[in-house]
>>> print(open('coords_2.pdb').read())   # PDB, C-alpha atoms
ATOM      1  CA  MET A   1      -5.774   6.069  20.066
ATOM      2  CA  THR A   2      -9.396   5.989  18.958
ATOM      3  CA  GLY A   3      -8.878   7.025  15.361
ATOM      4  CA  LEU A   4      -6.365   8.361  12.882
ATOM      5  CA  THR A   5      -5.584  12.087  12.979
ATOM      6  CA  LEU A   6      -3.340  14.518  11.120
ATOM      7  CA  PRO A   7      -1.202  15.096  14.263
ATOM      8  CA  LEU A   8      -0.522  11.344  14.487
ATOM      9  CA  ILE A   9       0.590  11.360  10.843
ATOM     10  CA  ARG A  10       2.823  14.393  11.410
ATOM     11  CA  GLU A  11       4.358  12.709  14.472
ATOM     12  CA  ALA A  12       4.967   9.583  12.406
ATOM     13  CA  HIS A  13       6.767  11.615   9.762
ATOM     14  CA  ALA A  14       9.042  13.211  12.344
ATOM     15  CA  ARG A  15       9.763   9.753  13.796
ATOM     16  CA  ILE A  16      10.658   8.002  10.527
ATOM     17  CA  ARG A  17      11.925  10.718   8.175
ATOM     18  CA  ASP A  18      15.588   9.833   8.786
ATOM     19  CA  LYS A  19      14.892   6.119   8.245
ATOM     20  CA  ILE A  20      13.032   6.297   4.903
ATOM     21  CA  ASN A  21      13.412   7.957   1.514
ATOM     22  CA  ARG A  22      11.549  11.110   0.640
ATOM     23  CA  THR A  23      10.405   9.761  -2.697
ATOM     24  CA  PRO A  24      10.196  11.936  -5.818
ATOM     25  CA  VAL A  25       7.068  13.186  -7.562
ATOM     26  CA  LEU A  26       7.491  12.594 -11.296
ATOM     27  CA  THR A  27       5.483  13.833 -14.265
ATOM     28  CA  SER A  28       5.101  12.785 -17.898
ATOM     29  CA  GLU A  29       3.915  15.106 -20.644
ATOM     30  CA  THR A  30       3.023  12.059 -22.728
ATOM     31  CA  LEU A  31       0.794  10.422 -20.109
ATOM     32  CA  ALA A  32      -0.691  13.758 -19.076
ATOM     33  CA  GLY A  33      -1.525  14.526 -22.698
ATOM     34  CA  GLN A  34      -3.292  11.201 -23.090
ATOM     35  CA  ALA A  35      -5.266  11.817 -19.884
ATOM     36  CA  GLY A  36      -6.153  15.449 -20.593
ATOM     37  CA  GLY A  37      -5.056  16.486 -17.100
ATOM     38  CA  ALA A  38      -1.845  17.081 -15.133
ATOM     39  CA  LEU A  39      -0.600  13.886 -13.501
ATOM     40  CA  PHE A  40       1.787  13.829 -10.533
ATOM     41  CA  PHE A  41       3.151  10.398  -9.652
ATOM     42  CA  LYS A  42       4.338   9.888  -6.052
ATOM     43  CA  CYS A  43       6.982   7.213  -6.663
ATOM     44  CA  GLU A  44       7.012   4.907  -3.664
ATOM     45  CA  ASN A  45       8.701   2.320  -5.887
ATOM     46  CA  PHE A  46      11.836   4.287  -4.929
ATOM     47  CA  GLN A  47      11.118   3.860  -1.221
ATOM     48  CA  LYS A  48      13.219   1.703   1.123
ATOM     49  CA  VAL A  49      12.355  -1.986   0.448
ATOM     50  CA  GLY A  50      10.836  -0.764  -2.820
ATOM     51  CA  ALA A  51       7.405   0.089  -1.420
ATOM     52  CA  PHE A  52       5.419   2.546   0.741
ATOM     53  CA  LYS A  53       5.140  -0.175   3.377
ATOM     54  CA  ALA A  54       8.476   0.968   4.818
ATOM     55  CA  ARG A  55       6.673   3.992   6.253
ATOM     56  CA  GLY A  56       4.052   2.225   8.360
ATOM     57  CA  ALA A  57       6.234  -0.650   9.506
ATOM     58  CA  THR A  58       9.012   1.692  10.616
ATOM     59  CA  ASN A  59       6.611   3.906  12.534
ATOM     60  CA  ALA A  60       5.070   0.916  14.312
ATOM     61  CA  VAL A  61       8.406  -0.647  15.269
ATOM     62  CA  PHE A  62       9.870   2.583  16.625
ATOM     63  CA  LEU A  63       6.723   3.309  18.645
ATOM     64  CA  LEU A  64       7.187   0.112  20.664
ATOM     65  CA  SER A  65       8.537   0.450  24.179
ATOM     66  CA  ASP A  66      11.773  -1.370  24.947
ATOM     67  CA  ALA A  67       9.808  -3.969  26.905
ATOM     68  CA  GLU A  68       7.370  -4.517  24.019
ATOM     69  CA  ALA A  69      10.150  -4.738  21.446
ATOM     70  CA  GLN A  70      12.318  -7.167  23.401
ATOM     71  CA  LYS A  71      10.882 -10.359  21.876
ATOM     72  CA  GLY A  72      10.507  -8.952  18.401
ATOM     73  CA  VAL A  73       7.619  -8.394  16.034
ATOM     74  CA  ALA A  74       5.396 -10.629  13.934
ATOM     75  CA  THR A  75       3.111 -10.204  10.955
ATOM     76  CA  HIS A  76       1.574 -11.900   7.938
ATOM     77  CA  SER A  77       2.131 -10.433   4.495
ATOM     78  CA  SER A  78       2.320 -11.286   0.805
ATOM     79  CA  GLY A  79       5.588  -9.429   0.595
ATOM     80  CA  ASN A  80       6.065  -5.681   0.859
ATOM     81  CA  HIS A  81       4.945  -5.257   4.483
ATOM     82  CA  ALA A  82       6.964  -8.365   5.333
ATOM     83  CA  ALA A  83      10.165  -6.861   3.958
ATOM     84  CA  ALA A  84       9.373  -3.495   5.505
ATOM     85  CA  LEU A  85       8.849  -5.004   8.951
ATOM     86  CA  ALA A  86      11.988  -7.116   8.648
ATOM     87  CA  ARG A  87      13.975  -3.993   7.749
ATOM     88  CA  ALA A  88      12.484  -1.909  10.557
ATOM     89  CA  ALA A  89      13.176  -4.680  13.067
ATOM     90  CA  LYS A  90      16.763  -4.932  11.840
ATOM     91  CA  LEU A  91      17.187  -1.167  12.322
ATOM     92  CA  ARG A  92      15.977  -1.555  15.904
ATOM     93  CA  GLY A  93      17.980  -4.720  16.528
ATOM     94  CA  ILE A  94      15.045  -7.046  17.238
ATOM     95  CA  PRO A  95      13.748 -10.250  15.577
ATOM     96  CA  ALA A  96      11.049 -10.210  12.876
ATOM     97  CA  HIS A  97       8.803 -13.257  12.470
ATOM     98  CA  ILE A  98       7.063 -13.209   9.087
ATOM     99  CA  VAL A  99       4.199 -15.447   7.920
ATOM    100  CA  MET A 100       4.006 -15.588   4.121
ATOM    101  CA  PRO A 101       1.710 -17.501   1.733
ATOM    102  CA  THR A 102       3.309 -20.309  -0.253
ATOM    103  CA  ASN A 103       2.531 -18.537  -3.548
ATOM    104  CA  VAL A 104       4.412 -15.331  -2.660
ATOM    105  CA  PRO A 105       6.572 -13.944  -5.500
ATOM    106  CA  LYS A 106      10.157 -15.139  -5.121
ATOM    107  CA  ALA A 107      11.476 -11.565  -5.298
ATOM    108  CA  LYS A 108       9.430 -10.620  -2.230
ATOM    109  CA  GLU A 109      10.528 -13.705  -0.294
ATOM    110  CA  ALA A 110      14.156 -12.896  -1.123
ATOM    111  CA  SER A 111      13.725  -9.332   0.107
ATOM    112  CA  VAL A 112      12.490 -10.533   3.516
ATOM    113  CA  ARG A 113      15.457 -12.875   3.827
ATOM    114  CA  ARG A 114      17.907 -10.095   2.930
ATOM    115  CA  TYR A 115      16.686  -8.109   5.923
ATOM    116  CA  GLY A 116      16.962 -11.091   8.256
ATOM    117  CA  GLY A 117      13.263 -11.891   8.606
ATOM    118  CA  GLN A 118      12.401 -15.378   9.871
ATOM    119  CA  ILE A 119       9.785 -16.788   7.474
ATOM    120  CA  THR A 120       6.979 -19.249   8.227
ATOM    121  CA  PHE A 121       5.002 -20.344   5.170
ATOM    122  CA  CYS A 122       1.243 -21.007   5.161
ATOM    123  CA  GLU A 123      -1.554 -21.701   2.713
ATOM    124  CA  PRO A 124      -2.574 -18.652   0.632
ATOM    125  CA  THR A 125      -5.756 -17.798   2.543
ATOM    126  CA  LEU A 126      -6.412 -15.056   5.076
ATOM    127  CA  ALA A 127      -7.543 -17.617   7.659
ATOM    128  CA  ALA A 128      -4.327 -19.590   7.257
ATOM    129  CA  ARG A 129      -2.231 -16.422   7.540
ATOM    130  CA  GLU A 130      -3.958 -15.315  10.721
ATOM    131  CA  SER A 131      -3.813 -18.708  12.434
ATOM    132  CA  ALA A 132      -0.140 -19.155  11.566
ATOM    133  CA  THR A 133       0.657 -15.678  12.875
ATOM    134  CA  ALA A 134      -1.185 -16.381  16.132
ATOM    135  CA  ARG A 135       0.835 -19.576  16.557
ATOM    136  CA  VAL A 136       4.141 -17.778  15.901
ATOM    137  CA  MET A 137       3.239 -15.063  18.414
ATOM    138  CA  ALA A 138       2.332 -17.641  21.061
ATOM    139  CA  GLU A 139       5.644 -19.447  20.531
ATOM    140  CA  THR A 140       7.875 -16.358  20.481
ATOM    141  CA  GLY A 141       6.088 -13.649  22.467
ATOM    142  CA  ALA A 142       6.518 -11.299  19.498
ATOM    143  CA  GLN A 143       4.334  -8.187  19.137
ATOM    144  CA  LEU A 144       1.879  -8.118  16.224
ATOM    145  CA  VAL A 145       2.327  -5.395  13.627
ATOM    146  CA  HIS A 146      -0.668  -5.893  11.351
ATOM    147  CA  PRO A 147      -0.074  -5.119   7.661
ATOM    148  CA  TYR A 148      -2.750  -2.421   7.625
ATOM    149  CA  ASN A 149      -5.366  -2.562  10.402
ATOM    150  CA  ASP A 150      -3.126  -0.806  12.913
ATOM    151  CA  LEU A 151      -3.226   2.945  13.649
ATOM    152  CA  ARG A 152       0.566   3.067  13.932
ATOM    153  CA  VAL A 153       0.892   1.578  10.454
ATOM    154  CA  MET A 154      -1.886   3.758   9.010
ATOM    155  CA  ALA A 155      -0.221   6.897  10.394
ATOM    156  CA  GLY A 156       3.062   5.924   8.794
ATOM    157  CA  GLN A 157       1.425   5.299   5.429
ATOM    158  CA  GLY A 158      -0.224   8.720   5.578
ATOM    159  CA  THR A 159       3.198  10.375   5.454
ATOM    160  CA  ALA A 160       3.375   9.755   1.693
ATOM    161  CA  ALA A 161       0.397  12.056   1.168
ATOM    162  CA  LEU A 162       1.955  14.653   3.492
ATOM    163  CA  GLU A 163       5.009  14.762   1.254
ATOM    164  CA  LEU A 164       2.965  14.748  -1.946
ATOM    165  CA  LEU A 165       0.934  17.759  -0.859
ATOM    166  CA  GLU A 166       4.033  19.599   0.317
ATOM    167  CA  ASP A 167       5.542  19.125  -3.146
ATOM    168  CA  VAL A 168       2.314  19.712  -5.116
ATOM    169  CA  PRO A 169      -0.091  21.615  -2.841
ATOM    170  CA  ASP A 170      -2.695  22.506  -5.469
ATOM    171  CA  LEU A 171      -3.955  19.033  -6.339
ATOM    172  CA  ASP A 172      -7.644  18.557  -7.155
ATOM    173  CA  LEU A 173      -7.662  14.788  -6.713
ATOM    174  CA  ILE A 174      -5.575  11.939  -5.336
ATOM    175  CA  LEU A 175      -5.894   8.419  -6.729
ATOM    176  CA  CYS A 176      -4.825   5.695  -4.326
ATOM    177  CA  PRO A 177      -5.031   1.900  -4.607
ATOM    178  CA  VAL A 178      -6.864  -0.035  -1.921
ATOM    179  CA  GLY A 179      -6.383  -3.534  -0.596
ATOM    180  CA  GLY A 180      -6.551  -3.684   3.184
ATOM    181  CA  GLY A 181      -6.877   0.084   3.340
ATOM    182  CA  GLY A 182      -3.813   1.160   5.322
ATOM    183  CA  LEU A 183      -2.425   3.468   2.638
ATOM    184  CA  LEU A 184      -5.862   4.734   1.641
ATOM    185  CA  SER A 185      -6.928   5.560   5.190
ATOM    186  CA  GLY A 186      -3.654   7.369   5.866
ATOM    187  CA  THR A 187      -3.757   9.205   2.549
ATOM    188  CA  ALA A 188      -7.360  10.284   2.955
ATOM    189  CA  THR A 189      -6.906  11.426   6.556
ATOM    190  CA  ALA A 190      -3.815  13.472   5.720
ATOM    191  CA  ALA A 191      -5.169  15.000   2.519
ATOM    192  CA  LYS A 192      -8.665  15.886   3.730
ATOM    193  CA  ASN A 193      -7.303  17.561   6.869
ATOM    194  CA  LEU A 194      -4.672  19.491   4.917
ATOM    195  CA  LYS A 195      -6.975  20.407   2.036
ATOM    196  CA  PRO A 196     -10.680  19.751   2.755
ATOM    197  CA  GLY A 197     -11.771  20.397  -0.831
ATOM    198  CA  ILE A 198      -9.549  17.740  -2.378
ATOM    199  CA  ARG A 199     -11.178  14.561  -3.733
ATOM    200  CA  ILE A 200      -9.866  11.165  -2.694
ATOM    201  CA  VAL A 201     -10.739   8.285  -5.002
ATOM    202  CA  ALA A 202      -9.593   4.746  -4.324
ATOM    203  CA  VAL A 203      -8.951   2.234  -7.080
ATOM    204  CA  GLU A 204      -9.302  -1.520  -6.713
ATOM    205  CA  PRO A 205      -8.973  -4.510  -9.059
ATOM    206  CA  ALA A 206     -12.387  -5.742 -10.187
ATOM    207  CA  GLY A 207     -11.236  -9.255  -9.269
ATOM    208  CA  ALA A 208     -10.713  -8.224  -5.627
ATOM    209  CA  ASP A 209     -13.469  -5.671  -5.117
ATOM    210  CA  ASP A 210     -14.405  -6.088  -1.461
ATOM    211  CA  ALA A 211     -13.588  -2.430  -0.648
ATOM    212  CA  TYR A 212     -15.747  -1.244  -3.557
ATOM    213  CA  ARG A 213     -18.697  -3.332  -2.343
ATOM    214  CA  SER A 214     -18.140  -2.463   1.318
ATOM    215  CA  PHE A 215     -17.994   1.266   0.551
ATOM    216  CA  ARG A 216     -21.358   1.096  -1.185
ATOM    217  CA  ALA A 217     -22.941  -1.101   1.468
ATOM    218  CA  GLY A 218     -21.744   1.077   4.347
ATOM    219  CA  ARG A 219     -20.341  -1.978   6.120
ATOM    220  CA  ILE A 220     -17.481  -4.407   5.608
ATOM    221  CA  VAL A 221     -18.537  -7.014   3.053
ATOM    222  CA  PRO A 222     -16.185 -10.012   3.121
ATOM    223  CA  GLY A 223     -14.565 -10.690  -0.218
ATOM    224  CA  ALA A 224     -14.569 -13.937  -2.124
ATOM    225  CA  THR A 225     -11.260 -15.400  -3.312
ATOM    226  CA  ALA A 226      -9.291 -12.547  -4.829
ATOM    227  CA  ASN A 227      -8.485 -13.048  -8.505
ATOM    228  CA  THR A 228      -5.982 -10.415  -9.603
ATOM    229  CA  ILE A 229      -2.349 -10.042 -10.621
ATOM    230  CA  ALA A 230      -2.175  -7.166  -8.122
ATOM    231  CA  ASP A 231      -1.017  -9.456  -5.313
ATOM    232  CA  GLY A 232      -0.511  -6.574  -2.881
ATOM    233  CA  LEU A 233      -4.212  -5.700  -3.030
ATOM    234  CA  ARG A 234      -5.685  -9.048  -2.026
ATOM    235  CA  GLY A 235      -6.063  -8.117   1.646
ATOM    236  CA  ALA A 236      -9.468  -7.626   3.258
ATOM    237  CA  LEU A 237     -10.469  -4.327   4.876
ATOM    238  CA  GLY A 238     -10.049  -3.921   8.612
ATOM    239  CA  ASP A 239     -12.382  -2.122  11.004
ATOM    240  CA  LYS A 240      -9.854   0.656  11.678
ATOM    241  CA  THR A 241      -9.091   1.295   8.016
ATOM    242  CA  PHE A 242     -12.738   1.147   6.973
ATOM    243  CA  ALA A 243     -13.700   3.741   9.585
ATOM    244  CA  GLU A 244     -11.338   6.303   8.029
ATOM    245  CA  ILE A 245     -12.337   5.301   4.494
ATOM    246  CA  GLU A 246     -15.996   5.926   5.314
ATOM    247  CA  ARG A 247     -15.100   9.273   6.887
ATOM    248  CA  TYR A 248     -12.880  10.710   4.189
ATOM    249  CA  VAL A 249     -12.944   8.836   0.863
ATOM    250  CA  ASP A 250     -15.162  10.248  -1.887
ATOM    251  CA  ASP A 251     -15.436   7.202  -4.143
ATOM    252  CA  ILE A 252     -13.989   3.801  -5.014
ATOM    253  CA  VAL A 253     -13.756   2.560  -8.603
ATOM    254  CA  THR A 254     -12.628  -0.776 -10.000
ATOM    255  CA  VAL A 255     -10.373  -1.582 -12.935
ATOM    256  CA  SER A 256      -9.931  -4.629 -15.142
ATOM    257  CA  GLU A 257      -6.873  -6.862 -15.318
ATOM    258  CA  PRO A 258      -6.037  -5.759 -18.897
ATOM    259  CA  ALA A 259      -6.170  -2.113 -17.767
ATOM    260  CA  ILE A 260      -3.760  -2.865 -14.913
ATOM    261  CA  VAL A 261      -1.328  -4.484 -17.336
ATOM    262  CA  GLN A 262      -1.701  -1.637 -19.834
ATOM    263  CA  ALA A 263      -1.089   0.949 -17.110
ATOM    264  CA  MET A 264       1.911  -0.924 -15.741
ATOM    265  CA  ARG A 265       3.450  -1.261 -19.180
ATOM    266  CA  ALA A 266       2.932   2.428 -19.957
ATOM    267  CA  LEU A 267       4.712   3.409 -16.733
ATOM    268  CA  TRP A 268       7.635   1.153 -17.631
ATOM    269  CA  GLU A 269       7.860   2.221 -21.269
ATOM    270  CA  VAL A 270       7.079   5.942 -21.035
ATOM    271  CA  MET A 271       8.384   6.906 -17.589
ATOM    272  CA  LYS A 272      11.180   4.303 -17.517
ATOM    273  CA  ILE A 273      10.334   3.182 -13.979
ATOM    274  CA  VAL A 274       9.764  -0.285 -12.549
ATOM    275  CA  VAL A 275       6.379  -0.661 -10.865
ATOM    276  CA  GLU A 276       4.588  -3.827  -9.784
ATOM    277  CA  PRO A 277       0.989  -4.569 -10.812
ATOM    278  CA  SER A 278      -0.480  -3.277  -7.524
ATOM    279  CA  ALA A 279       1.308   0.040  -8.069
ATOM    280  CA  ALA A 280      -0.225   0.470 -11.511
ATOM    281  CA  VAL A 281      -3.804   0.075 -10.291
ATOM    282  CA  ALA A 282      -4.414   3.758  -9.464
ATOM    283  CA  TYR A 283      -3.147   4.898 -12.873
ATOM    284  CA  ALA A 284      -5.253   2.143 -14.501
ATOM    285  CA  ALA A 285      -8.354   4.129 -13.525
ATOM    286  CA  VAL A 286      -7.074   6.935 -15.775
ATOM    287  CA  VAL A 287      -6.181   4.499 -18.561
ATOM    288  CA  GLU A 288      -9.634   2.875 -18.409
ATOM    289  CA  ARG A 289     -11.318   6.302 -18.050
ATOM    290  CA  LYS A 290     -13.143   5.309 -14.888
ATOM    291  CA  LEU A 291     -13.285   8.980 -13.851
ATOM    292  CA  ASP A 292     -12.978  12.370 -15.496
ATOM    293  CA  VAL A 293      -9.536  13.923 -14.985
ATOM    294  CA  ALA A 294      -9.737  16.429 -17.854
ATOM    295  CA  GLY A 295      -8.299  19.766 -16.773
ATOM    296  CA  LYS A 296      -7.569  18.473 -13.250
ATOM    297  CA  ARG A 297      -4.350  18.198 -11.249
ATOM    298  CA  VAL A 298      -4.169  14.584 -10.145
ATOM    299  CA  GLY A 299      -1.842  12.962  -7.620
ATOM    300  CA  ILE A 300      -1.302   9.243  -8.208
ATOM    301  CA  ILE A 301       0.451   7.062  -5.650
ATOM    302  CA  LEU A 302       2.680   4.401  -7.231
ATOM    303  CA  THR A 303       2.971   2.029  -4.317
ATOM    304  CA  GLY A 304       5.934  -0.204  -5.087
ATOM    305  CA  GLY A 305       8.249  -1.896  -7.544
ATOM    306  CA  ASN A 306       8.821  -5.436  -6.278
ATOM    307  CA  LEU A 307       8.060  -8.235  -8.706
ATOM    308  CA  ASP A 308       9.533 -11.272 -10.417
ATOM    309  CA  LEU A 309      11.244 -10.034 -13.582
ATOM    310  CA  ASN A 310      10.979 -13.535 -15.050
ATOM    311  CA  ASP A 311       7.181 -13.427 -14.831
ATOM    312  CA  LEU A 312       6.027 -10.056 -16.130
ATOM    313  CA  PRO A 313       2.287  -9.861 -16.807
ATOM    314  CA  TRP A 314       2.599  -9.008 -20.495
ATOM    315  CA  MET A 315       4.381 -12.345 -20.917
ATOM    316  CA  ASN A 316       1.140 -14.034 -19.832
ATOM    317  CA  SER A 317      -1.600 -13.963 -22.482
ATOM    318  CA  GLN A 318      -4.224 -14.930 -19.873
ATOM    319  CA  VAL A 319      -4.260 -11.421 -18.382
ATOM    320  CA  LEU A 320      -4.114  -9.498 -21.661
TER     321      LEU A 320
END
>>> encode(input="coords_2.pdb", output="structure tokens")
Amino acid sequence: MTGLTLPLIREAHARIRDKINRTPVLTSETLAGQAGGALFFKCENFQKVGAFKARGATNAVFLLSDAEAQKGVATHSSGNHAAALARAAKLRGIPAHIVMPTNVPKAKEASVRRYGGQITFCEPTLAARESATARVMAETGAQLVHPYNDLRVMAGQGTAALELLEDVPDLDLILCPVGGGGLLSGTATAAKNLKPGIRIVAVEPAGADDAYRSFRAGRIVPGATANTIADGLRGALGDKTFAEIERYVDDIVTVSEPAIVQAMRALWEVMKIVVEPSAAVAYAAVVERKLDVAGKRVGIILTGGNLDLNDLPWMNSQVL
């Protein structure tokens, strides 16, 4: 595979549809009224493992040949991809070796353990994650399933946009968070091929803005240490994801930490749904008025709902 295509995303959907949830698209008259446009929230917080990551991990695991799958799979992840890969491996009956940073939220660690994932902890840096994963693979013979820079994973993530546009075909715009770019590349590829006139805008925390800077530079610009409560968006772009982002994404905007918290709280209080900080980032662009949505029909992907309920961000005055 040389790049992501709509047929690959459609094939992924056929492969995984009986192993994942078709998540609902919810609306809120209150939030739409505040925004001045129609908002359609694709609720991946109701997905298996509580996040969209179930899509890509499941597609990757079930694409492996029997010989490839025999010794299991390995990855590094701050949480949602880890749980998703552990679940997919359990469905296939193979081991999952998961490298996680020591500062991972306890709820995400617990989720991996529930699905039988074998956890190796490392320092919370990308270099430490990658070296630990390489060591685990050498020791076990497990196949790497990268959290995002993998066409099999990207194709699986793109199935969320397929479903969104089947349910709400007349969208003008889709807002999608970006960390490593797996969801964004899949979303943009699916949406632009289904509806060429649609706009795709990515949203990123200002404290982890490597995608924003890379998009403007036309090349991958390595990020400094990410400083954001949106722990799922601290990953760096990969070459495969960036290629699709350059091809299909119209713009990337950044949002502040207070806007992320405000957006997350509004989704909890108004829509009565549990979303994690990373999932609130796309809606935060509407809250902070980083783009004009007046009179538009806007799809917003809420990516997940896994977080420590004893450490909610509005309990922490440092991010308010």
>>> resolve_selection(input="coords_2.pdb", expression="the PyMOL selection byres ((chain A and resi 147) around 6)", output="ChimeraX atom specification")
/A:81,146,148
>>> closest_residue(input="coords_2.pdb", among="A:Leu164, A:Ala82, A:Cys122, A:Ala259", to="A:Ala51", atoms="all atoms listed in the file")
A:Ala82
>>> resolve_selection(input="coords_2.pdb", expression="the PyMOL selection byres ((chain A and resi 301-314) around 6)", output="PDB file with C-alpha atoms, in the coordinates of the input")
ATOM      1  CA  PHE A  41       3.151  10.398  -9.652  1.00  0.00           C
ATOM      2  CA  LYS A  42       4.338   9.888  -6.052  1.00  0.00           C
ATOM      3  CA  CYS A  43       6.982   7.213  -6.663  1.00  0.00           C
ATOM      4  CA  GLU A  44       7.012   4.907  -3.664  1.00  0.00           C
ATOM      5  CA  ASN A  45       8.701   2.320  -5.887  1.00  0.00           C
ATOM      6  CA  GLY A  50      10.836  -0.764  -2.820  1.00  0.00           C
ATOM      7  CA  ALA A  51       7.405   0.089  -1.420  1.00  0.00           C
ATOM      8  CA  PHE A  52       5.419   2.546   0.741  1.00  0.00           C
ATOM      9  CA  ALA A 107      11.476 -11.565  -5.298  1.00  0.00           C
ATOM     10  CA  CYS A 176      -4.825   5.695  -4.326  1.00  0.00           C
ATOM     11  CA  VAL A 274       9.764  -0.285 -12.549  1.00  0.00           C
ATOM     12  CA  VAL A 275       6.379  -0.661 -10.865  1.00  0.00           C
ATOM     13  CA  GLU A 276       4.588  -3.827  -9.784  1.00  0.00           C
ATOM     14  CA  ALA A 279       1.308   0.040  -8.069  1.00  0.00           C
ATOM     15  CA  ILE A 300      -1.302   9.243  -8.208  1.00  0.00           C
ATOM     16  CA  MET A 315       4.381 -12.345 -20.917  1.00  0.00           C
ATOM     17  CA  ASN A 316       1.140 -14.034 -19.832  1.00  0.00           C
TER      18      ASN A 316
END
>>> axis_aligned_box(input="coords_2.pdb", around="stretch 67-72 of chain A", padding_each_side="5 Å", output="lines of an AutoDock Vina configuration file")
center_x = 9.8
center_y = -7.2
center_z = 22.7
size_x = 14.9
size_y = 16.4
size_z = 18.5
>>> residues_near_point(input="coords_2.pdb", point="(-1.5, 13.4, -13.4)", cutoff="12 Å", atoms="only C-alpha atoms", output="JSON, numbers by chain")
{"A": [25, 26, 27, 28, 29, 30, 31, 32, 33, 34, 35, 36, 37, 38, 39, 40, 41, 42, 168, 171, 172, 173, 174, 175, 282, 283, 284, 285, 286, 287, 292, 293, 294, 295, 296, 297, 298, 299, 300, 301, 302]}
>>> closest_atom_pairs(input="coords_2.pdb", of="stretch 84-185 of chain A", to="stretch 219-232 of chain A", cutoff="10 Å", atoms="all atoms listed in the file", output="Markdown table")
| residue | atom | partner | partner_atom | distance |
| --- | --- | --- | --- | --- |
| A:Asn103 | CA | A:Asp231 | CA | 9.9 |
| A:Val104 | CA | A:Asp231 | CA | 8.4 |
| A:Pro105 | CA | A:Asp231 | CA | 8.8 |
| A:Thr125 | CA | A:Thr225 | CA | 8.4 |
| A:Leu126 | CA | A:Thr225 | CA | 9.7 |
| A:Pro177 | CA | A:Gly232 | CA | 9.8 |
| A:Val178 | CA | A:Gly232 | CA | 9.2 |
| A:Gly179 | CA | A:Gly232 | CA | 7.0 |
| A:Gly180 | CA | A:Gly232 | CA | 9.0 |
>>> write_last_selection(input="coords_2.pdb", atoms="C-alpha atoms", output="PDB file, in the coordinates of the input")
ATOM      1  CA  ASN A 103       2.531 -18.537  -3.548  1.00  0.00           C
ATOM      2  CA  VAL A 104       4.412 -15.331  -2.660  1.00  0.00           C
ATOM      3  CA  PRO A 105       6.572 -13.944  -5.500  1.00  0.00           C
ATOM      4  CA  THR A 125      -5.756 -17.798   2.543  1.00  0.00           C
ATOM      5  CA  LEU A 126      -6.412 -15.056   5.076  1.00  0.00           C
ATOM      6  CA  PRO A 177      -5.031   1.900  -4.607  1.00  0.00           C
ATOM      7  CA  VAL A 178      -6.864  -0.035  -1.921  1.00  0.00           C
ATOM      8  CA  GLY A 179      -6.383  -3.534  -0.596  1.00  0.00           C
ATOM      9  CA  GLY A 180      -6.551  -3.684   3.184  1.00  0.00           C
TER      10      GLY A 180
END
>>> resolve_selection(input="coords_2.pdb", expression="the PyMOL selection byres ((chain A and resi 204) around 8)", output="NGL selection string")
:A and (177-179 or 202-203 or 205-206 or 208-209 or 211-212 or 233 or 252-255 or 281-282)
>>> closest_residue(input="coords_2.pdb", among="A:Lys108, A:Lys48, A:Lys240, A:Arg10", to="A:Arg22", atoms="all atoms listed in the file")
A:Lys48
>>> build_atoms(input="coords_2.pdb", residues="stretch 201-211 of chain A", atoms="N, CA and C atoms", output="mmCIF file, in the frame of the given file")
data_model
loop_
_atom_site.group_PDB
_atom_site.id
_atom_site.type_symbol
_atom_site.label_atom_id
_atom_site.label_comp_id
_atom_site.auth_asym_id
_atom_site.auth_seq_id
_atom_site.Cartn_x
_atom_site.Cartn_y
_atom_site.Cartn_z
ATOM 1 N N VAL A 201 -10.083 9.410 -4.332
ATOM 2 C CA VAL A 201 -10.739 8.285 -5.002
ATOM 3 C C VAL A 201 -9.821 7.075 -4.926
ATOM 4 N N ALA A 202 -10.349 5.992 -4.412
ATOM 5 C CA ALA A 202 -9.593 4.746 -4.324
ATOM 6 C C ALA A 202 -9.844 3.912 -5.569
ATOM 7 N N VAL A 203 -8.853 3.097 -5.904
ATOM 8 C CA VAL A 203 -8.951 2.234 -7.080
ATOM 9 C C VAL A 203 -8.614 0.810 -6.657
ATOM 10 N N GLU A 204 -9.426 -0.127 -7.145
ATOM 11 C CA GLU A 204 -9.302 -1.520 -6.713
ATOM 12 C C GLU A 204 -9.469 -2.444 -7.925
ATOM 13 N N PRO A 205 -8.741 -3.553 -7.975
ATOM 14 C CA PRO A 205 -8.973 -4.510 -9.059
ATOM 15 C C PRO A 205 -10.403 -5.064 -8.997
ATOM 16 N N ALA A 206 -11.031 -5.191 -10.153
ATOM 17 C CA ALA A 206 -12.387 -5.742 -10.187
ATOM 18 C C ALA A 206 -12.422 -7.174 -9.652
ATOM 19 N N GLY A 207 -11.302 -7.880 -9.758
ATOM 20 C CA GLY A 207 -11.236 -9.255 -9.269
ATOM 21 C C GLY A 207 -10.992 -9.376 -7.778
ATOM 22 N N ALA A 208 -10.899 -8.234 -7.095
ATOM 23 C CA ALA A 208 -10.713 -8.224 -5.627
ATOM 24 C C ALA A 208 -11.410 -6.981 -5.097
ATOM 25 N N ASP A 209 -12.723 -6.933 -5.294
ATOM 26 C CA ASP A 209 -13.469 -5.671 -5.117
ATOM 27 C C ASP A 209 -14.216 -5.551 -3.797
ATOM 28 N N ASP A 210 -13.676 -6.137 -2.723
ATOM 29 C CA ASP A 210 -14.405 -6.088 -1.461
ATOM 30 C C ASP A 210 -14.524 -4.665 -0.917
ATOM 31 N N ALA A 211 -13.507 -3.815 -1.128
ATOM 32 C CA ALA A 211 -13.588 -2.430 -0.648
ATOM 33 C C ALA A 211 -14.663 -1.658 -1.419
#
